[in-house]
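Visitor: This is target_28.csv (CSV, N, CA and C atoms).
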```
chain,number,residue,atom,x,y,z
A,1,SER,N,3.7,13.6,11.3
A,1,SER,CA,5.1,13.7,10.8
A,1,SER,C,5.8,12.4,10.8
A,2,GLY,N,6.3,12.0,9.7
A,2,GLY,CA,7.1,10.7,9.7
A,2,GLY,C,6.2,9.5,9.5
A,3,ALA,N,4.9,9.7,9.2
A,3,ALA,CA,4.0,8.5,9.1
A,3,ALA,C,4.5,7.5,8.0
A,4,VAL,N,4.9,8.1,6.9
A,4,VAL,CA,5.3,7.2,5.8
A,4,VAL,C,6.5,6.4,6.2
A,5,ALA,N,7.5,7.0,6.8
A,5,ALA,CA,8.7,6.3,7.2
A,5,ALA,C,8.4,5.2,8.3
A,6,ARG,N,7.5,5.6,9.2
A,6,ARG,CA,7.2,4.6,10.3
A,6,ARG,C,6.4,3.4,9.6
A,7,ALA,N,5.5,3.7,8.7
A,7,ALA,CA,4.8,2.6,8.0
A,7,ALA,C,5.8,1.7,7.2
A,8,ARG,N,6.7,2.3,6.5
A,8,ARG,CA,7.7,1.5,5.8
A,8,ARG,C,8.5,0.6,6.8
A,9,ASP,N,8.9,1.2,7.9
A,9,ASP,CA,9.7,0.4,8.9
A,9,ASP,C,8.9,-0.7,9.4
A,10,PHE,N,7.6,-0.5,9.7
A,10,PHE,CA,6.7,-1.5,10.2
A,10,PHE,C,6.6,-2.7,9.2
A,11,VAL,N,6.3,-2.3,7.9
A,11,VAL,CA,6.2,-3.3,6.9
A,11,VAL,C,7.5,-4.1,6.7
A,12,ARG,N,8.6,-3.3,6.7
A,12,ARG,CA,10.0,-3.9,6.5
A,12,ARG,C,10.2,-5.0,7.6
A,13,GLN,N,9.9,-4.6,8.9
A,13,GLN,CA,10.0,-5.6,9.9
A,13,GLN,C,9.1,-6.8,9.8
A,14,ALA,N,7.9,-6.6,9.4
A,14,ALA,CA,7.0,-7.8,9.1
A,14,ALA,C,7.6,-8.7,8.0
A,15,LEU,N,8.1,-8.0,6.9
A,15,LEU,CA,8.7,-8.8,5.9
A,15,LEU,C,9.9,-9.6,6.3
A,16,ARG,N,10.7,-9.1,7.2
A,16,ARG,CA,11.8,-9.8,7.9
A,16,ARG,C,11.3,-11.0,8.7
A,17,ASP,N,10.2,-10.7,9.5
A,17,ASP,CA,9.7,-11.8,10.3
A,17,ASP,C,9.1,-12.9,9.5
A,18,TRP,N,8.6,-12.6,8.3
A,18,TRP,CA,8.0,-13.6,7.4
A,18,TRP,C,9.0,-14.2,6.4
A,19,GLY,N,10.2,-13.8,6.5
A,19,GLY,CA,11.2,-14.4,5.6
A,19,GLY,C,11.3,-13.8,4.2
A,20,TRP,N,10.6,-12.7,4.0
A,20,TRP,CA,10.7,-12.0,2.6
A,20,TRP,C,12.1,-11.3,2.6
A,21,LEU,N,12.6,-10.8,3.7
A,21,LEU,CA,13.8,-10.1,3.8
A,21,LEU,C,14.7,-10.8,4.8
A,22,PRO,N,16.0,-10.8,4.6
A,22,PRO,CA,16.7,-10.3,3.4
A,22,PRO,C,16.4,-11.2,2.3
A,23,ALA,N,16.3,-10.6,1.1
A,23,ALA,CA,15.8,-11.3,-0.1
A,23,ALA,C,17.0,-12.2,-0.6
A,24,ALA,N,16.6,-13.4,-0.9
A,24,ALA,CA,17.6,-14.4,-1.4
A,24,ALA,C,17.7,-14.3,-3.0
A,25,THR,N,16.6,-13.8,-3.6
A,25,THR,CA,16.6,-13.8,-5.1
A,25,THR,C,16.1,-12.4,-5.5
A,26,ALA,N,16.3,-12.2,-6.8
A,26,ALA,CA,15.8,-10.9,-7.4
A,26,ALA,C,14.3,-10.8,-7.3
A,27,ASP,N,13.6,-11.9,-7.5
A,27,ASP,CA,12.1,-11.9,-7.3
A,27,ASP,C,11.7,-11.5,-5.9
A,28,GLN,N,12.3,-12.1,-4.9
A,28,GLN,CA,12.0,-11.7,-3.5
A,28,GLN,C,12.3,-10.3,-3.2
A,29,ARG,N,13.4,-9.8,-3.7
A,29,ARG,CA,13.8,-8.4,-3.5
A,29,ARG,C,12.8,-7.5,-4.2
A,30,ALA,N,12.3,-7.8,-5.4
A,30,ALA,CA,11.3,-7.0,-6.1
A,30,ALA,C,10.0,-7.0,-5.4
A,31,ALA,N,9.6,-8.1,-4.9
A,31,ALA,CA,8.3,-8.2,-4.1
A,31,ALA,C,8.4,-7.4,-2.9
A,32,ALA,N,9.5,-7.4,-2.2
A,32,ALA,CA,9.6,-6.6,-0.9
A,32,ALA,C,9.6,-5.1,-1.3
A,33,GLU,N,10.3,-4.7,-2.3
A,33,GLU,CA,10.4,-3.3,-2.7
A,33,GLU,C,9.0,-2.9,-3.2
A,34,ASP,N,8.3,-3.7,-3.9
A,34,ASP,CA,6.9,-3.4,-4.3
A,34,ASP,C,6.0,-3.1,-3.1
A,35,ALA,N,6.1,-4.0,-2.1
A,35,ALA,CA,5.3,-3.8,-0.9
A,35,ALA,C,5.6,-2.5,-0.2
A,36,LEU,N,6.9,-2.2,-0.1
A,36,LEU,CA,7.3,-0.9,0.6
A,36,LEU,C,6.8,0.3,-0.2
A,37,LEU,N,6.9,0.2,-1.5
A,37,LEU,CA,6.4,1.3,-2.3
A,37,LEU,C,4.9,1.5,-2.2
A,38,VAL,N,4.1,0.4,-2.2
A,38,VAL,CA,2.7,0.4,-2.1
A,38,VAL,C,2.3,1.0,-0.8
A,39,VAL,N,2.9,0.6,0.3
A,39,VAL,CA,2.5,1.1,1.6
A,39,VAL,C,2.8,2.6,1.7
A,40,SER,N,3.9,3.0,1.1
A,40,SER,CA,4.3,4.4,1.0
A,40,SER,C,3.2,5.2,0.3
A,41,GLU,N,2.7,4.7,-0.8
A,41,GLU,CA,1.7,5.4,-1.5
A,41,GLU,C,0.4,5.5,-0.8
A,42,LEU,N,0.0,4.4,-0.2
A,42,LEU,CA,-1.3,4.4,0.6
A,42,LEU,C,-1.3,5.3,1.8
A,43,VAL,N,-0.2,5.3,2.5
A,43,VAL,CA,0.0,6.2,3.7
A,43,VAL,C,0.1,7.6,3.3
A,44,THR,N,0.8,7.9,2.2
A,44,THR,CA,0.9,9.3,1.7
A,44,THR,C,-0.5,9.8,1.3
A,45,ASN,N,-1.3,9.0,0.7
A,45,ASN,CA,-2.7,9.4,0.3
A,45,ASN,C,-3.5,9.7,1.6
A,46,ALA,N,-3.3,8.9,2.6
A,46,ALA,CA,-4.1,9.2,3.9
A,46,ALA,C,-3.6,10.5,4.5
A,47,CYS,N,-2.3,10.8,4.4
A,47,CYS,CA,-1.8,12.0,4.9
A,47,CYS,C,-2.3,13.2,4.1
A,48,LEU,N,-2.3,13.1,2.8
A,48,LEU,CA,-2.7,14.2,1.9
A,48,LEU,C,-4.2,14.5,1.9
A,49,HIS,N,-5.0,13.4,1.9
A,49,HIS,CA,-6.4,13.5,1.6
A,49,HIS,C,-7.3,13.2,2.8
A,50,ALA,N,-6.7,12.8,3.9
A,50,ALA,CA,-7.5,12.6,5.2
A,50,ALA,C,-6.6,13.2,6.3
A,51,SER,N,-6.9,12.9,7.5
A,51,SER,CA,-6.1,13.5,8.6
A,51,SER,C,-5.0,12.6,9.0
A,52,GLY,N,-4.5,11.8,8.0
A,52,GLY,CA,-3.4,10.8,8.2
A,52,GLY,C,-4.0,9.5,8.5
A,53,PRO,N,-3.2,8.5,8.5
A,53,PRO,CA,-3.6,7.1,8.8
A,53,PRO,C,-3.9,6.9,10.2
A,54,ASP,N,-5.0,6.1,10.5
A,54,ASP,CA,-5.3,5.8,11.9
A,54,ASP,C,-4.7,4.4,12.2
A,55,GLU,N,-4.6,3.6,11.2
A,55,GLU,CA,-4.1,2.2,11.5
A,55,GLU,C,-3.5,1.7,10.2
A,56,LEU,N,-2.5,0.8,10.3
A,56,LEU,CA,-1.9,0.1,9.2
A,56,LEU,C,-2.0,-1.4,9.6
A,57,ARG,N,-2.5,-2.2,8.7
A,57,ARG,CA,-2.6,-3.6,8.9
A,57,ARG,C,-1.9,-4.3,7.8
A,58,ILE,N,-1.2,-5.4,8.1
A,58,ILE,CA,-0.5,-6.2,7.1
A,58,ILE,C,-0.7,-7.7,7.4
A,59,GLY,N,-1.0,-8.4,6.4
A,59,GLY,CA,-1.2,-9.9,6.6
A,59,GLY,C,-0.6,-10.6,5.4
A,60,SER,N,-0.2,-11.8,5.6
A,60,SER,CA,0.5,-12.6,4.6
A,60,SER,C,0.0,-14.0,4.6
A,61,THR,N,-0.1,-14.5,3.4
A,61,THR,CA,-0.4,-16.0,3.1
A,61,THR,C,0.7,-16.5,2.2
A,62,ALA,N,0.7,-17.7,1.9
A,62,ALA,CA,1.7,-18.3,1.0
A,62,ALA,C,1.7,-17.6,-0.4
A,63,LYS,N,0.6,-17.1,-0.8
A,63,LYS,CA,0.5,-16.6,-2.1
A,63,LYS,C,0.4,-15.1,-2.2
A,64,MET,N,0.1,-14.4,-1.1
A,64,MET,CA,-0.1,-12.9,-1.2
A,64,MET,C,0.2,-12.2,0.1
A,65,LEU,N,0.4,-10.9,-0.1
A,65,LEU,CA,0.5,-10.0,1.0
A,65,LEU,C,-0.6,-9.0,0.9
A,66,ARG,N,-1.3,-8.7,2.0
A,66,ARG,CA,-2.4,-7.7,2.0
A,66,ARG,C,-2.0,-6.5,3.0
A,67,LEU,N,-2.1,-5.3,2.4
A,67,LEU,CA,-1.9,-4.1,3.2
A,67,LEU,C,-3.2,-3.4,3.3
A,68,GLU,N,-3.5,-2.8,4.5
A,68,GLU,CA,-4.7,-2.0,4.7
A,68,GLU,C,-4.3,-0.8,5.5
A,69,VAL,N,-4.8,0.4,5.0
A,69,VAL,CA,-4.6,1.6,5.6
A,69,VAL,C,-6.0,2.2,6.0
A,70,VAL,N,-6.2,2.4,7.3
A,70,VAL,CA,-7.4,3.0,7.8
A,70,VAL,C,-7.3,4.5,8.0
A,71,ASP,N,-8.2,5.3,7.5
A,71,ASP,CA,-8.2,6.7,7.8
A,71,ASP,C,-9.7,7.2,8.0
A,72,GLN,N,-9.8,8.4,8.4
A,72,GLN,CA,-11.1,9.0,8.6
A,72,GLN,C,-11.6,9.9,7.4
A,73,GLY,N,-10.8,9.8,6.3
A,73,GLY,CA,-11.2,10.6,5.1
A,73,GLY,C,-12.5,10.2,4.4
A,74,GLY,N,-13.1,11.1,3.8
A,74,GLY,CA,-14.3,10.8,3.1
A,74,GLY,C,-14.2,10.5,1.6
A,75,GLY,N,-13.1,10.9,1.0
A,75,GLY,CA,-12.8,10.7,-0.4
A,75,GLY,C,-12.5,9.3,-0.7
A,76,ALA,N,-12.5,9.0,-2.0
A,76,ALA,CA,-12.1,7.6,-2.4
A,76,ALA,C,-10.9,7.8,-3.4
A,77,PRO,N,-9.8,7.1,-3.1
A,77,PRO,CA,-8.7,7.2,-4.0
A,77,PRO,C,-9.0,6.5,-5.3
A,78,ALA,N,-8.4,7.1,-6.4
A,78,ALA,CA,-8.5,6.5,-7.7
A,78,ALA,C,-7.4,7.0,-8.6
A,79,PRO,N,-6.9,6.1,-9.5
A,79,PRO,CA,-5.9,6.6,-10.4
A,79,PRO,C,-6.4,7.7,-11.3
A,80,ARG,N,-5.5,8.7,-11.5
A,80,ARG,CA,-5.9,9.7,-12.5
A,80,ARG,C,-6.1,9.1,-13.9
A,81,THR,N,-7.1,9.6,-14.5
A,81,THR,CA,-7.4,9.1,-15.9
A,81,THR,C,-7.6,10.3,-16.8
A,82,PRO,N,-7.0,10.4,-17.9
A,82,PRO,CA,-5.9,9.5,-18.3
A,82,PRO,C,-4.6,9.7,-17.5
A,83,HIS,N,-3.8,8.7,-17.4
A,83,HIS,CA,-2.5,8.9,-16.7
A,83,HIS,C,-1.5,9.5,-17.6
A,84,ARG,N,-0.9,10.6,-17.1
A,84,ARG,CA,0.1,11.3,-17.9
A,84,ARG,C,1.4,11.3,-17.1
A,85,SER,N,2.4,10.5,-17.5
A,85,SER,CA,3.6,10.3,-16.7
A,85,SER,C,4.4,11.6,-16.5
A,86,GLY,N,4.2,12.5,-17.4
A,86,GLY,CA,5.0,13.8,-17.3
A,86,GLY,C,4.4,14.8,-16.4
A,87,ARG,N,3.1,14.6,-15.9
A,87,ARG,CA,2.4,15.5,-15.0
A,87,ARG,C,2.9,15.3,-13.6
A,88,PRO,N,3.3,16.3,-12.9
A,88,PRO,CA,3.7,16.1,-11.5
A,88,PRO,C,2.5,15.7,-10.6
A,89,GLY,N,2.8,14.8,-9.6
A,89,GLY,CA,1.9,14.4,-8.6
A,89,GLY,C,0.8,13.5,-9.2
A,90,GLY,N,0.0,12.9,-8.3
A,90,GLY,CA,-1.1,12.1,-8.7
A,90,GLY,C,-0.8,10.7,-9.3
A,91,HIS,N,0.4,10.2,-9.1
A,91,HIS,CA,0.8,8.9,-9.6
A,91,HIS,C,0.6,7.8,-8.6
A,92,GLY,N,0.3,8.1,-7.4
A,92,GLY,CA,0.3,7.1,-6.4
A,92,GLY,C,-0.6,5.9,-6.6
A,93,MET,N,-1.9,6.2,-6.9
A,93,MET,CA,-2.8,5.1,-7.1
A,93,MET,C,-2.6,4.4,-8.5
A,94,PHE,N,-2.0,5.1,-9.4
A,94,PHE,CA,-1.7,4.4,-10.7
A,94,PHE,C,-0.6,3.4,-10.4
A,95,ILE,N,0.4,3.7,-9.5
A,95,ILE,CA,1.5,2.8,-9.1
A,95,ILE,C,0.9,1.6,-8.4
A,96,VAL,N,0.0,1.9,-7.4
A,96,VAL,CA,-0.7,0.8,-6.7
A,96,VAL,C,-1.4,-0.1,-7.6
A,97,GLN,N,-2.2,0.4,-8.6
A,97,GLN,CA,-2.9,-0.4,-9.5
A,97,GLN,C,-2.0,-1.2,-10.4
A,98,ARG,N,-0.8,-0.7,-10.8
A,98,ARG,CA,0.1,-1.5,-11.6
A,98,ARG,C,0.8,-2.6,-10.8
A,99,LEU,N,1.1,-2.3,-9.6
A,99,LEU,CA,1.9,-3.3,-8.8
A,99,LEU,C,1.1,-4.4,-8.1
A,100,CYS,N,-0.2,-4.1,-7.9
A,100,CYS,CA,-1.0,-5.0,-7.1
A,100,CYS,C,-1.8,-6.0,-7.9
A,101,LEU,N,-2.1,-7.1,-7.2
A,101,LEU,CA,-3.1,-8.0,-7.8
A,101,LEU,C,-4.5,-7.4,-7.9
A,102,ASP,N,-4.8,-6.7,-6.8
A,102,ASP,CA,-6.1,-6.0,-6.6
A,102,ASP,C,-6.0,-5.0,-5.5
A,103,TRP,N,-6.9,-4.1,-5.5
A,103,TRP,CA,-6.9,-3.1,-4.5
A,103,TRP,C,-8.4,-2.5,-4.4
A,104,GLY,N,-8.7,-1.9,-3.3
A,104,GLY,CA,-10.1,-1.3,-3.2
A,104,GLY,C,-10.2,-0.5,-2.0
A,105,VAL,N,-11.5,-0.1,-1.8
A,105,VAL,CA,-11.8,0.8,-0.6
A,105,VAL,C,-13.1,0.2,0.0
A,106,VAL,N,-13.0,0.1,1.3
A,106,VAL,CA,-14.2,-0.3,2.1
A,106,VAL,C,-14.6,0.8,3.0
A,107,ARG,N,-15.8,1.3,2.8
A,107,ARG,CA,-16.3,2.4,3.7
A,107,ARG,C,-16.7,1.8,5.1
A,108,HIS,N,-16.4,2.6,6.1
A,108,HIS,CA,-16.8,2.1,7.4
A,108,HIS,C,-18.3,2.3,7.6
A,109,ALA,N,-18.9,1.3,8.2
A,109,ALA,CA,-20.4,1.2,8.4
A,109,ALA,C,-20.9,2.4,9.1
A,110,GLU,N,-20.2,2.9,10.1
A,110,GLU,CA,-20.7,4.1,10.8
A,110,GLU,C,-20.6,5.4,10.1
A,111,GLY,N,-20.1,5.3,8.9
A,111,GLY,CA,-20.1,6.5,8.0
A,111,GLY,C,-18.8,7.4,8.0
A,112,ASN,N,-18.0,7.2,9.0
A,112,ASN,CA,-16.7,8.0,9.1
A,112,ASN,C,-15.5,7.1,8.6
A,113,GLY,N,-14.9,7.6,7.6
A,113,GLY,CA,-13.7,6.9,7.2
A,113,GLY,C,-13.8,5.7,6.3
A,114,LYS,N,-12.6,5.1,6.1
A,114,LYS,CA,-12.5,4.0,5.1
A,114,LYS,C,-11.3,3.2,5.4
A,115,THR,N,-11.2,2.1,4.8
A,115,THR,CA,-10.0,1.2,4.7
A,115,THR,C,-9.7,1.1,3.3
A,116,VAL,N,-8.4,1.5,2.9
A,116,VAL,CA,-7.9,1.2,1.6
A,116,VAL,C,-7.0,0.0,1.6
A,117,TRP,N,-7.3,-1.0,0.8
A,117,TRP,CA,-6.5,-2.2,0.9
A,117,TRP,C,-5.9,-2.5,-0.5
A,118,ALA,N,-4.8,-3.3,-0.4
A,118,ALA,CA,-4.1,-3.6,-1.6
A,118,ALA,C,-3.5,-5.0,-1.4
A,119,GLU,N,-3.5,-5.8,-2.4
A,119,GLU,CA,-2.9,-7.2,-2.3
A,119,GLU,C,-1.8,-7.4,-3.4
A,120,LEU,N,-0.7,-7.9,-2.9
A,120,LEU,CA,0.5,-8.1,-3.8
A,120,LEU,C,0.8,-9.6,-3.8
A,121,ALA,N,1.3,-10.1,-4.9
A,121,ALA,CA,1.7,-11.5,-5.0
A,121,ALA,C,2.9,-11.7,-4.1
A,122,ALA,N,2.9,-12.9,-3.5
A,122,ALA,CA,4.1,-13.3,-2.7
A,122,ALA,C,5.2,-13.7,-3.6
A,123,PRO,N,6.5,-13.5,-3.2
A,123,PRO,CA,7.6,-13.9,-4.1
A,123,PRO,C,7.6,-15.4,-4.3
A,124,ALA,N,8.1,-15.8,-5.5
A,124,ALA,CA,8.1,-17.2,-5.8
A,124,ALA,C,9.2,-17.9,-5.1
```
Starting from the file, give its structure as structure tokens.
Guide:
Amino acid sequence: SGAVARARDFVRQALRDWGWLPAATADQRAAAEDALLVVSELVTNACLHASGPDELRIGSTAKMLRLEVVDQGGGAPAPRTPHRSGRPGGHGMFIVQRLCLDWGVVRHAEGNGKTVWAELAAPA
């Protein structure tokens, strides 16, 4: 309970620590909002399709932000194809795909679980 809100709070604090927030420009504000939306979608997927997230990792370079959500689920997230904006639910990975530079899934070597990662451009 509350995993998505806690993840957003964690990412928001990291963005403050790295100077993304408070945003000085519209581009910086958009980049921070995109990061918060992406982490919400990744953690929501872990809650809906696995037993919830085990770990949230965030890293930053001058050019990008990387988010990683670790869970014990066996499935692989994928955008619904074809995407139909009027259909309820199932838009999370479509949003991630649209907002991110890249994203993917890494299966854990021991066979249980995965890490879903997403990379976003740093604000200009």
Visitor: Just give me the gap between atom C of Met64 in chain A and atom N of Thr44 in chain A in Å, one decimal is fine.
Guide: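 Atom-to-atom, atom C of Met64 in chain A to atom N of Thr44 in chain A, that is 20.2 Å.
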Visitor: Excluding Leu21 in chain A and residues on its chain fewer than 3 positions from it, collect all residues at most 12 Å away from it, counting only C-alpha atoms, and give them as a PDB file with N, CA and C atoms, keeping the file's coordinate frame.
Guide:
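result.pdb, written as the output of this step:
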```pdb
ATOM      1  N   VAL A  11       6.300  -2.300   7.900  1.00  0.00           N
ATOM      2  CA  VAL A  11       6.200  -3.300   6.900  1.00  0.00           C
ATOM      3  C   VAL A  11       7.500  -4.100   6.700  1.00  0.00           C
ATOM      4  N   ARG A  12       8.600  -3.300   6.700  1.00  0.00           N
ATOM      5  CA  ARG A  12      10.000  -3.900   6.500  1.00  0.00           C
ATOM      6  C   ARG A  12      10.200  -5.000   7.600  1.00  0.00           C
ATOM      7  N   GLN A  13       9.900  -4.600   8.900  1.00  0.00           N
ATOM      8  CA  GLN A  13      10.000  -5.600   9.900  1.00  0.00           C
ATOM      9  C   GLN A  13       9.100  -6.800   9.800  1.00  0.00           C
ATOM     10  N   ALA A  14       7.900  -6.600   9.400  1.00  0.00           N
ATOM     11  CA  ALA A  14       7.000  -7.800   9.100  1.00  0.00           C
ATOM     12  C   ALA A  14       7.600  -8.700   8.000  1.00  0.00           C
ATOM     13  N   LEU A  15       8.100  -8.000   6.900  1.00  0.00           N
ATOM     14  CA  LEU A  15       8.700  -8.800   5.900  1.00  0.00           C
ATOM     15  C   LEU A  15       9.900  -9.600   6.300  1.00  0.00           C
ATOM     16  N   ARG A  16      10.700  -9.100   7.200  1.00  0.00           N
ATOM     17  CA  ARG A  16      11.800  -9.800   7.900  1.00  0.00           C
ATOM     18  C   ARG A  16      11.300 -11.000   8.700  1.00  0.00           C
ATOM     19  N   ASP A  17      10.200 -10.700   9.500  1.00  0.00           N
ATOM     20  CA  ASP A  17       9.700 -11.800  10.300  1.00  0.00           C
ATOM     21  C   ASP A  17       9.100 -12.900   9.500  1.00  0.00           C
ATOM     22  N   TRP A  18       8.600 -12.600   8.300  1.00  0.00           N
ATOM     23  CA  TRP A  18       8.000 -13.600   7.400  1.00  0.00           C
ATOM     24  C   TRP A  18       9.000 -14.200   6.400  1.00  0.00           C
ATOM     25  N   ALA A  24      16.600 -13.400  -0.900  1.00  0.00           N
ATOM     26  CA  ALA A  24      17.600 -14.400  -1.400  1.00  0.00           C
ATOM     27  C   ALA A  24      17.700 -14.300  -3.000  1.00  0.00           C
ATOM     28  N   THR A  25      16.600 -13.800  -3.600  1.00  0.00           N
ATOM     29  CA  THR A  25      16.600 -13.800  -5.100  1.00  0.00           C
ATOM     30  C   THR A  25      16.100 -12.400  -5.500  1.00  0.00           C
ATOM     31  N   ALA A  26      16.300 -12.200  -6.800  1.00  0.00           N
ATOM     32  CA  ALA A  26      15.800 -10.900  -7.400  1.00  0.00           C
ATOM     33  C   ALA A  26      14.300 -10.800  -7.300  1.00  0.00           C
ATOM     34  N   ASP A  27      13.600 -11.900  -7.500  1.00  0.00           N
ATOM     35  CA  ASP A  27      12.100 -11.900  -7.300  1.00  0.00           C
ATOM     36  C   ASP A  27      11.700 -11.500  -5.900  1.00  0.00           C
ATOM     37  N   GLN A  28      12.300 -12.100  -4.900  1.00  0.00           N
ATOM     38  CA  GLN A  28      12.000 -11.700  -3.500  1.00  0.00           C
ATOM     39  C   GLN A  28      12.300 -10.300  -3.200  1.00  0.00           C
ATOM     40  N   ARG A  29      13.400  -9.800  -3.700  1.00  0.00           N
ATOM     41  CA  ARG A  29      13.800  -8.400  -3.500  1.00  0.00           C
ATOM     42  C   ARG A  29      12.800  -7.500  -4.200  1.00  0.00           C
ATOM     43  N   ALA A  30      12.300  -7.800  -5.400  1.00  0.00           N
ATOM     44  CA  ALA A  30      11.300  -7.000  -6.100  1.00  0.00           C
ATOM     45  C   ALA A  30      10.000  -7.000  -5.400  1.00  0.00           C
ATOM     46  N   ALA A  31       9.600  -8.100  -4.900  1.00  0.00           N
ATOM     47  CA  ALA A  31       8.300  -8.200  -4.100  1.00  0.00           C
ATOM     48  C   ALA A  31       8.400  -7.400  -2.900  1.00  0.00           C
ATOM     49  N   ALA A  32       9.500  -7.400  -2.200  1.00  0.00           N
ATOM     50  CA  ALA A  32       9.600  -6.600  -0.900  1.00  0.00           C
ATOM     51  C   ALA A  32       9.600  -5.100  -1.300  1.00  0.00           C
ATOM     52  N   GLU A  33      10.300  -4.700  -2.300  1.00  0.00           N
ATOM     53  CA  GLU A  33      10.400  -3.300  -2.700  1.00  0.00           C
ATOM     54  C   GLU A  33       9.000  -2.900  -3.200  1.00  0.00           C
ATOM     55  N   ALA A  35       6.100  -4.000  -2.100  1.00  0.00           N
ATOM     56  CA  ALA A  35       5.300  -3.800  -0.900  1.00  0.00           C
ATOM     57  C   ALA A  35       5.600  -2.500  -0.200  1.00  0.00           C
ATOM     58  N   LEU A  36       6.900  -2.200  -0.100  1.00  0.00           N
ATOM     59  CA  LEU A  36       7.300  -0.900   0.600  1.00  0.00           C
ATOM     60  C   LEU A  36       6.800   0.300  -0.200  1.00  0.00           C
ATOM     61  N   PRO A 123       6.500 -13.500  -3.200  1.00  0.00           N
ATOM     62  CA  PRO A 123       7.600 -13.900  -4.100  1.00  0.00           C
ATOM     63  C   PRO A 123       7.600 -15.400  -4.300  1.00  0.00           C
TER      64      PRO A 123
END
```
Visitor: When DSSP is applied to the backbone of this structure, which of chain A are assigned alpha helix (DSSP H)? Write them out as an NGL selection string.
Guide: :A and (3-17 or 26-49 or 92-99)
Visitor: Take the point (-7.3, 5.4, 4.3) in the file's coordinates, draw a sphere of radius 6 Å around it, and report as a PyMOL selection string every protein, DNA or RNA residue with an atom inside or on it, counting only N, CA and C atoms.
Guide: chain A and resi 46+69-73+114-116
Visitor: So the first atom is CA of Asn45 in chain A and the second is CA of Arg98 in chain A; what is the distance between them in Å, to one decimal place?
Guide: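 Here the two named atoms are 16.4 Å from each other.
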Visitor: What is the atom N of Val106 in chain A-atom C of Leu37 in chain A distance in Å, reported with one decimal?
Guide: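 A separation of 18.3 Å between them.
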Visitor: What lies within 6 Å of Leu120 in chain A using only N, CA and C atoms, ignoring chain neighbours under 5 positions off, as a PyMOL selection string?
Guide: chain A and resi 63-66+99-102
Visitor: When DSSP is applied to the backbone of this structure, which of chain A are assigned strand (DSSP E or B)? Write them out as a PyMOL selection string.
Guide: chain A and resi 53-60+64-71+102-107+114-121
Visitor: Any idea what's packed within 9 Å of Ala78 in chain A, counting only C-alpha atoms, ignoring anything in its chain fewer than 5 positions away? Could you give it as a list in words?
Guide: Gly92, Met93 and Phe94 of chain A
